[in-house]
$ cat start33.pdb   # PDB, C-alpha atoms
ATOM      1  CA  MET E   1      58.592  61.848  62.500  1.00  0.00           C
ATOM      2  CA  GLN E   2      55.961  59.748  64.212  1.00  0.00           C
ATOM      3  CA  ARG E   3      55.391  59.897  67.945  1.00  0.00           C
ATOM      4  CA  ILE E   4      54.519  56.182  68.129  1.00  0.00           C
ATOM      5  CA  LYS E   5      56.319  53.549  66.060  1.00  0.00           C
ATOM      6  CA  LYS E   6      56.056  49.817  65.517  1.00  0.00           C
ATOM      7  CA  GLY E   7      57.634  47.918  68.411  1.00  0.00           C
ATOM      8  CA  ASP E   8      57.027  50.642  71.026  1.00  0.00           C
ATOM      9  CA  THR E   9      55.404  49.790  74.345  1.00  0.00           C
ATOM     10  CA  VAL E  10      52.297  51.874  74.955  1.00  0.00           C
ATOM     11  CA  LEU E  11      49.762  52.333  77.763  1.00  0.00           C
ATOM     12  CA  VAL E  12      46.064  52.485  76.854  1.00  0.00           C
ATOM     13  CA  ILE E  13      44.581  55.587  78.527  1.00  0.00           C
ATOM     14  CA  ALA E  14      40.959  55.375  77.303  1.00  0.00           C
ATOM     15  CA  GLY E  15      38.400  52.760  76.322  1.00  0.00           C
ATOM     16  CA  LYS E  16      37.516  49.292  77.514  1.00  0.00           C
ATOM     17  CA  ASP E  17      41.177  48.254  77.837  1.00  0.00           C
ATOM     18  CA  LYS E  18      42.233  51.306  79.883  1.00  0.00           C
ATOM     19  CA  GLY E  19      45.384  50.664  81.924  1.00  0.00           C
ATOM     20  CA  THR E  20      46.682  47.891  79.669  1.00  0.00           C
ATOM     21  CA  ARG E  21      50.246  47.921  78.357  1.00  0.00           C
ATOM     22  CA  GLY E  22      51.166  46.313  75.068  1.00  0.00           C
ATOM     23  CA  GLU E  23      53.500  46.404  72.107  1.00  0.00           C
ATOM     24  CA  VAL E  24      52.529  48.224  68.921  1.00  0.00           C
ATOM     25  CA  LEU E  25      52.139  45.687  66.109  1.00  0.00           C
ATOM     26  CA  ARG E  26      51.164  48.079  63.296  1.00  0.00           C
ATOM     27  CA  VAL E  27      50.835  51.829  62.780  1.00  0.00           C
ATOM     28  CA  LEU E  28      48.203  53.190  60.381  1.00  0.00           C
ATOM     29  CA  PRO E  29      49.345  56.817  59.945  1.00  0.00           C
ATOM     30  CA  LYS E  30      46.674  57.894  57.433  1.00  0.00           C
ATOM     31  CA  ALA E  31      43.899  56.855  59.832  1.00  0.00           C
ATOM     32  CA  ASP E  32      45.803  57.960  63.007  1.00  0.00           C
ATOM     33  CA  ARG E  33      45.394  54.475  64.454  1.00  0.00           C
ATOM     34  CA  VAL E  34      47.591  51.773  65.963  1.00  0.00           C
ATOM     35  CA  VAL E  35      47.182  48.035  66.504  1.00  0.00           C
ATOM     36  CA  VAL E  36      48.356  47.033  69.979  1.00  0.00           C
ATOM     37  CA  GLU E  37      49.097  43.482  71.091  1.00  0.00           C
ATOM     38  CA  ARG E  38      46.270  41.950  73.230  1.00  0.00           C
ATOM     39  CA  VAL E  39      44.234  45.204  73.166  1.00  0.00           C
ATOM     40  CA  ASN E  40      40.798  45.801  71.581  1.00  0.00           C
ATOM     41  CA  ILE E  41      40.184  42.121  70.786  1.00  0.00           C
ATOM     42  CA  VAL E  42      37.145  41.690  68.532  1.00  0.00           C
ATOM     43  CA  LYS E  43      35.407  38.603  67.139  1.00  0.00           C
ATOM     44  CA  LYS E  44      34.587  38.231  63.457  1.00  0.00           C
ATOM     45  CA  HIS E  45      32.294  35.505  62.152  1.00  0.00           C
ATOM     46  CA  GLN E  46      33.926  34.018  59.062  1.00  0.00           C
ATOM     47  CA  ARG E  47      32.109  32.042  56.374  1.00  0.00           C
ATOM     48  CA  PRO E  48      33.906  29.296  54.466  1.00  0.00           C
ATOM     49  CA  VAL E  49      35.296  30.701  51.222  1.00  0.00           C
ATOM     50  CA  GLN E  50      36.688  28.798  48.253  1.00  0.00           C
ATOM     51  CA  ALA E  51      38.606  31.519  46.484  1.00  0.00           C
ATOM     52  CA  GLY E  52      41.618  31.225  44.228  1.00  0.00           C
ATOM     53  CA  ARG E  53      43.955  31.563  47.222  1.00  0.00           C
ATOM     54  CA  GLY E  54      42.832  28.327  48.885  1.00  0.00           C
ATOM     55  CA  GLN E  55      40.157  27.485  51.394  1.00  0.00           C
ATOM     56  CA  MET E  56      39.445  29.643  54.465  1.00  0.00           C
ATOM     57  CA  GLN E  57      38.391  28.068  57.748  1.00  0.00           C
ATOM     58  CA  PRO E  58      34.887  28.982  58.929  1.00  0.00           C
ATOM     59  CA  GLY E  59      34.118  30.039  62.481  1.00  0.00           C
ATOM     60  CA  ARG E  60      34.817  32.908  64.842  1.00  0.00           C
ATOM     61  CA  ILE E  61      38.140  34.685  64.444  1.00  0.00           C
ATOM     62  CA  GLU E  62      39.548  36.835  67.227  1.00  0.00           C
ATOM     63  CA  PHE E  63      41.977  39.607  66.313  1.00  0.00           C
ATOM     64  CA  GLU E  64      43.254  42.985  67.501  1.00  0.00           C
ATOM     65  CA  ALA E  65      41.346  45.888  65.967  1.00  0.00           C
ATOM     66  CA  PRO E  66      43.000  49.313  65.511  1.00  0.00           C
ATOM     67  CA  ILE E  67      42.504  51.998  68.155  1.00  0.00           C
ATOM     68  CA  HIS E  68      43.047  55.732  67.831  1.00  0.00           C
ATOM     69  CA  MET E  69      46.519  57.109  68.620  1.00  0.00           C
ATOM     70  CA  SER E  70      45.032  59.617  71.064  1.00  0.00           C
ATOM     71  CA  ASN E  71      43.952  56.710  73.288  1.00  0.00           C
ATOM     72  CA  VAL E  72      47.510  55.475  73.892  1.00  0.00           C
ATOM     73  CA  MET E  73      50.595  56.974  75.554  1.00  0.00           C
ATOM     74  CA  LEU E  74      54.163  55.940  74.877  1.00  0.00           C
ATOM     75  CA  VAL E  75      55.977  54.208  77.743  1.00  0.00           C
ATOM     76  CA  CYS E  76      59.537  55.522  78.131  1.00  0.00           C
ATOM     77  CA  THR E  77      62.249  52.866  77.888  1.00  0.00           C
ATOM     78  CA  GLN E  78      64.415  54.622  80.507  1.00  0.00           C
ATOM     79  CA  CYS E  79      61.954  55.512  83.317  1.00  0.00           C
ATOM     80  CA  SER E  80      59.221  52.994  82.305  1.00  0.00           C
ATOM     81  CA  GLU E  81      56.440  55.567  82.790  1.00  0.00           C
ATOM     82  CA  ALA E  82      53.756  56.672  80.354  1.00  0.00           C
ATOM     83  CA  THR E  83      54.837  60.014  78.942  1.00  0.00           C
ATOM     84  CA  ARG E  84      54.224  62.589  76.268  1.00  0.00           C
ATOM     85  CA  VAL E  85      56.724  62.637  73.436  1.00  0.00           C
ATOM     86  CA  GLY E  86      58.938  65.587  72.569  1.00  0.00           C
ATOM     87  CA  PHE E  87      61.454  65.995  69.780  1.00  0.00           C
ATOM     88  CA  ARG E  88      65.060  67.199  69.706  1.00  0.00           C
ATOM     89  CA  VAL E  89      67.575  67.663  66.912  1.00  0.00           C
ATOM     90  CA  THR E  90      71.022  66.209  67.628  1.00  0.00           C
ATOM     91  CA  GLU E  91      74.380  67.650  66.573  1.00  0.00           C
ATOM     92  CA  ASP E  92      74.437  65.492  63.423  1.00  0.00           C
ATOM     93  CA  ASP E  93      71.003  66.867  62.365  1.00  0.00           C
ATOM     94  CA  LYS E  94      68.966  63.795  63.353  1.00  0.00           C
ATOM     95  CA  LYS E  95      65.559  64.188  64.938  1.00  0.00           C
ATOM     96  CA  VAL E  96      65.056  61.999  68.035  1.00  0.00           C
ATOM     97  CA  ARG E  97      62.118  61.434  70.364  1.00  0.00           C
ATOM     98  CA  VAL E  98      62.523  62.655  73.939  1.00  0.00           C
ATOM     99  CA  CYS E  99      60.694  61.650  77.137  1.00  0.00           C
ATOM    100  CA  HIS E 100      58.959  64.612  78.787  1.00  0.00           C
ATOM    101  CA  LYS E 101      59.308  63.095  82.284  1.00  0.00           C
ATOM    102  CA  CYS E 102      62.982  62.100  82.468  1.00  0.00           C
ATOM    103  CA  GLY E 103      64.371  64.074  79.506  1.00  0.00           C
ATOM    104  CA  LYS E 104      66.241  61.083  78.022  1.00  0.00           C
ATOM    105  CA  ASP E 105      66.179  60.040  74.367  1.00  0.00           C
ATOM    106  CA  ILE E 106      63.676  57.305  73.520  1.00  0.00           C
ATOM    107  CA  ASP E 107      65.261  56.230  70.222  1.00  0.00           C
TER     108      ASP E 107
END

$ encode --input "start33.pdb" --output "structure tokens"
Amino acid sequence: MQRIKKGDTVLVIAGKDKGTRGEVLRVLPKADRVVVERVNIVKKHQRPVQAGRGQMQPGRIEFEAPIHMSNVMLVCTQCSEATRVGFRVTEDDKKVRVCHKCGKDID
């Protein structure tokens, strides 16, 4: 089970956007990276392309680049603090994420 999932609110704890909260848009588990809304914005210069899929607009494109999972902390939905994630198995053999600060289930 993953510690951080799509749709979670996370706090950036390292890098140029330190202290910023945002929602996880994508999780890239093989690369241990996440894409967070309005965090790590980069500019890409795009040339006009006439490929089989249509025409692409030229210019500068701004988008969120992935950042490493170790640079974000999950924000608990109950206590709204950045916390480490623990795991617990329920009575019906389901694994749930647990907040280390308040002890409540995150899922």

$ resolve_selection --input "start33.pdb" --expression "the PyMOL selection byres ((chain E and resi 33) around 9)" --output "ChimeraX atom specification"
/E:26-32,34-35,66-70

$ resolve_selection --input "start33.pdb" --expression "the PyMOL selection byres ((chain E and resi 83-90) around 7)" --output "JSON, numbers by chain"
{"E": [3, 73, 74, 75, 76, 81, 82, 91, 92, 93, 94, 95, 96, 97, 98, 99, 100, 101]}

$ write_last_selection --input "start33.pdb" --atoms "C-alpha atoms" --output "CSV table (one decimal), keeping the file's coordinate frame"
chain,number,residue,atom,x,y,z
E,3,ARG,CA,55.4,59.9,67.9
E,73,MET,CA,50.6,57.0,75.6
E,74,LEU,CA,54.2,55.9,74.9
E,75,VAL,CA,56.0,54.2,77.7
E,76,CYS,CA,59.5,55.5,78.1
E,81,GLU,CA,56.4,55.6,82.8
E,82,ALA,CA,53.8,56.7,80.4
E,91,GLU,CA,74.4,67.6,66.6
E,92,ASP,CA,74.4,65.5,63.4
E,93,ASP,CA,71.0,66.9,62.4
E,94,LYS,CA,69.0,63.8,63.4
E,95,LYS,CA,65.6,64.2,64.9
E,96,VAL,CA,65.1,62.0,68.0
E,97,ARG,CA,62.1,61.4,70.4
E,98,VAL,CA,62.5,62.7,73.9
E,99,CYS,CA,60.7,61.6,77.1
E,100,HIS,CA,59.0,64.6,78.8
E,101,LYS,CA,59.3,63.1,82.3

$ atom_distance --input "start33.pdb" --atom1 "atom CA of Lys104 of chain E" --atom2 "atom CA of Asp8 of chain E"
15.6 Å

$ axis_aligned_box --input "start33.pdb" --around "segment 58-70 of chain E" --padding-each-side "5 Å" --output "JSON"
{"center_x": 40.3, "center_y": 44.3, "center_z": 65.0, "size_x": 22.4, "size_y": 40.6, "size_z": 22.1}

$ closest_residue --input "start33.pdb" --among "E:Asn40, E:Thr9, E:Gln2, E:Gln57" --to "Thr77 of chain E" --atoms "all atoms listed in the file"
E:Thr9

$ closest_residue --input "start33.pdb" --among "E:Cys79, E:Ile61, E:Ile106, E:Met1" --to "Arg47 of chain E" --atoms "all atoms listed in the file"
E:Ile61

$ atom_distance --input "start33.pdb" --atom1 "atom CA of Glu23 of chain E" --atom2 "atom CA of Lys44 of chain E"
22.3 Å

$ residues_around --input "start33.pdb" --residues "Lys16 of chain E" --least-positions-apart "2" --cutoff "12 Å" --atoms "all atoms listed in the file" --output "ChimeraX atom specification"
/E:12-14,18-20,39-42,67,71

$ atom_distance --input "start33.pdb" --atom1 "atom CA of Leu25 of chain E" --atom2 "atom CA of Gln50 of chain E"
29.0 Å

$ residues_around --input "start33.pdb" --residues "Gly59 of chain E" --least-positions-apart "4" --cutoff "12 Å" --atoms "only C-alpha atoms" --output "list in words"
Lys43, Lys44, His45, Gln46, Arg47, Pro48 and Val49 of chain E

$ closest_residue --input "start33.pdb" --among "E:Phe63, E:Gln78, E:Asp105, E:Val24" --to "Glu37 of chain E" --atoms "only C-alpha atoms"
E:Val24

$ closest_residue --input "start33.pdb" --among "E:Arg21, E:Arg38, E:Lys5, E:Arg60" --to "Ser80 of chain E" --atoms "all atoms listed in the file"
E:Arg21

$ build_atoms --input "start33.pdb" --residues "segment 48-70 of chain E" --atoms "N, CA and C atoms" --output "PDB file, keeping the file's coordinate frame"
ATOM      1  N   PRO E  48      32.922  30.018  55.278  1.00  0.00           N
ATOM      2  CA  PRO E  48      33.906  29.296  54.466  1.00  0.00           C
ATOM      3  C   PRO E  48      33.933  29.865  53.049  1.00  0.00           C
ATOM      4  N   VAL E  49      35.132  30.110  52.548  1.00  0.00           N
ATOM      5  CA  VAL E  49      35.296  30.701  51.222  1.00  0.00           C
ATOM      6  C   VAL E  49      36.215  29.807  50.407  1.00  0.00           C
ATOM      7  N   GLN E  50      35.825  29.552  49.163  1.00  0.00           N
ATOM      8  CA  GLN E  50      36.688  28.798  48.253  1.00  0.00           C
ATOM      9  C   GLN E  50      37.128  29.749  47.150  1.00  0.00           C
ATOM     10  N   ALA E  51      38.087  30.562  47.459  1.00  0.00           N
ATOM     11  CA  ALA E  51      38.606  31.519  46.484  1.00  0.00           C
ATOM     12  C   ALA E  51      39.837  30.924  45.809  1.00  0.00           C
ATOM     13  N   GLY E  52      40.436  31.685  44.945  1.00  0.00           N
ATOM     14  CA  GLY E  52      41.618  31.225  44.228  1.00  0.00           C
ATOM     15  C   GLY E  52      42.832  31.051  45.118  1.00  0.00           C
ATOM     16  N   ARG E  53      42.802  31.621  46.316  1.00  0.00           N
ATOM     17  CA  ARG E  53      43.955  31.563  47.222  1.00  0.00           C
ATOM     18  C   ARG E  53      43.904  30.354  48.156  1.00  0.00           C
ATOM     19  N   GLY E  54      42.952  29.468  47.985  1.00  0.00           N
ATOM     20  CA  GLY E  54      42.832  28.327  48.885  1.00  0.00           C
ATOM     21  C   GLY E  54      41.527  28.396  49.642  1.00  0.00           C
ATOM     22  N   GLN E  55      41.402  27.544  50.641  1.00  0.00           N
ATOM     23  CA  GLN E  55      40.157  27.485  51.394  1.00  0.00           C
ATOM     24  C   GLN E  55      40.356  28.121  52.765  1.00  0.00           C
ATOM     25  N   MET E  56      39.389  28.979  53.176  1.00  0.00           N
ATOM     26  CA  MET E  56      39.445  29.643  54.465  1.00  0.00           C
ATOM     27  C   MET E  56      38.621  28.870  55.480  1.00  0.00           C
ATOM     28  N   GLN E  57      39.105  28.797  56.712  1.00  0.00           N
ATOM     29  CA  GLN E  57      38.391  28.068  57.748  1.00  0.00           C
ATOM     30  C   GLN E  57      37.204  28.884  58.240  1.00  0.00           C
ATOM     31  N   PRO E  58      36.032  28.262  58.378  1.00  0.00           N
ATOM     32  CA  PRO E  58      34.887  28.982  58.929  1.00  0.00           C
ATOM     33  C   PRO E  58      34.979  29.050  60.450  1.00  0.00           C
ATOM     34  N   GLY E  59      34.183  29.937  61.027  1.00  0.00           N
ATOM     35  CA  GLY E  59      34.118  30.039  62.481  1.00  0.00           C
ATOM     36  C   GLY E  59      34.354  31.456  62.944  1.00  0.00           C
ATOM     37  N   ARG E  60      34.565  31.596  64.259  1.00  0.00           N
ATOM     38  CA  ARG E  60      34.817  32.908  64.842  1.00  0.00           C
ATOM     39  C   ARG E  60      36.322  33.142  64.906  1.00  0.00           C
ATOM     40  N   ILE E  61      36.732  34.303  64.423  1.00  0.00           N
ATOM     41  CA  ILE E  61      38.140  34.685  64.444  1.00  0.00           C
ATOM     42  C   ILE E  61      38.287  35.841  65.417  1.00  0.00           C
ATOM     43  N   GLU E  62      39.251  35.740  66.320  1.00  0.00           N
ATOM     44  CA  GLU E  62      39.548  36.835  67.227  1.00  0.00           C
ATOM     45  C   GLU E  62      40.822  37.520  66.769  1.00  0.00           C
ATOM     46  N   PHE E  63      40.796  38.858  66.717  1.00  0.00           N
ATOM     47  CA  PHE E  63      41.977  39.607  66.313  1.00  0.00           C
ATOM     48  C   PHE E  63      41.966  40.987  66.959  1.00  0.00           C
ATOM     49  N   GLU E  64      43.127  41.648  66.930  1.00  0.00           N
ATOM     50  CA  GLU E  64      43.254  42.985  67.501  1.00  0.00           C
ATOM     51  C   GLU E  64      42.797  44.005  66.474  1.00  0.00           C
ATOM     52  N   ALA E  65      41.823  44.827  66.850  1.00  0.00           N
ATOM     53  CA  ALA E  65      41.346  45.888  65.967  1.00  0.00           C
ATOM     54  C   ALA E  65      42.144  47.159  66.266  1.00  0.00           C
ATOM     55  N   PRO E  66      42.263  48.065  65.282  1.00  0.00           N
ATOM     56  CA  PRO E  66      43.000  49.313  65.511  1.00  0.00           C
ATOM     57  C   PRO E  66      42.279  50.222  66.498  1.00  0.00           C
ATOM     58  N   ILE E  67      43.056  50.974  67.271  1.00  0.00           N
ATOM     59  CA  ILE E  67      42.504  51.998  68.155  1.00  0.00           C
ATOM     60  C   ILE E  67      43.178  53.330  67.817  1.00  0.00           C
ATOM     61  N   HIS E  68      42.539  54.413  68.185  1.00  0.00           N
ATOM     62  CA  HIS E  68      43.047  55.732  67.831  1.00  0.00           C
ATOM     63  C   HIS E  68      44.314  56.047  68.625  1.00  0.00           C
ATOM     64  N   MET E  69      45.248  56.766  67.977  1.00  0.00           N
ATOM     65  CA  MET E  69      46.519  57.109  68.620  1.00  0.00           C
ATOM     66  C   MET E  69      46.339  57.971  69.858  1.00  0.00           C
ATOM     67  N   SER E  70      45.247  58.754  69.910  1.00  0.00           N
ATOM     68  CA  SER E  70      45.032  59.617  71.064  1.00  0.00           C
ATOM     69  C   SER E  70      44.661  58.822  72.300  1.00  0.00           C
TER      70      SER E  70
END
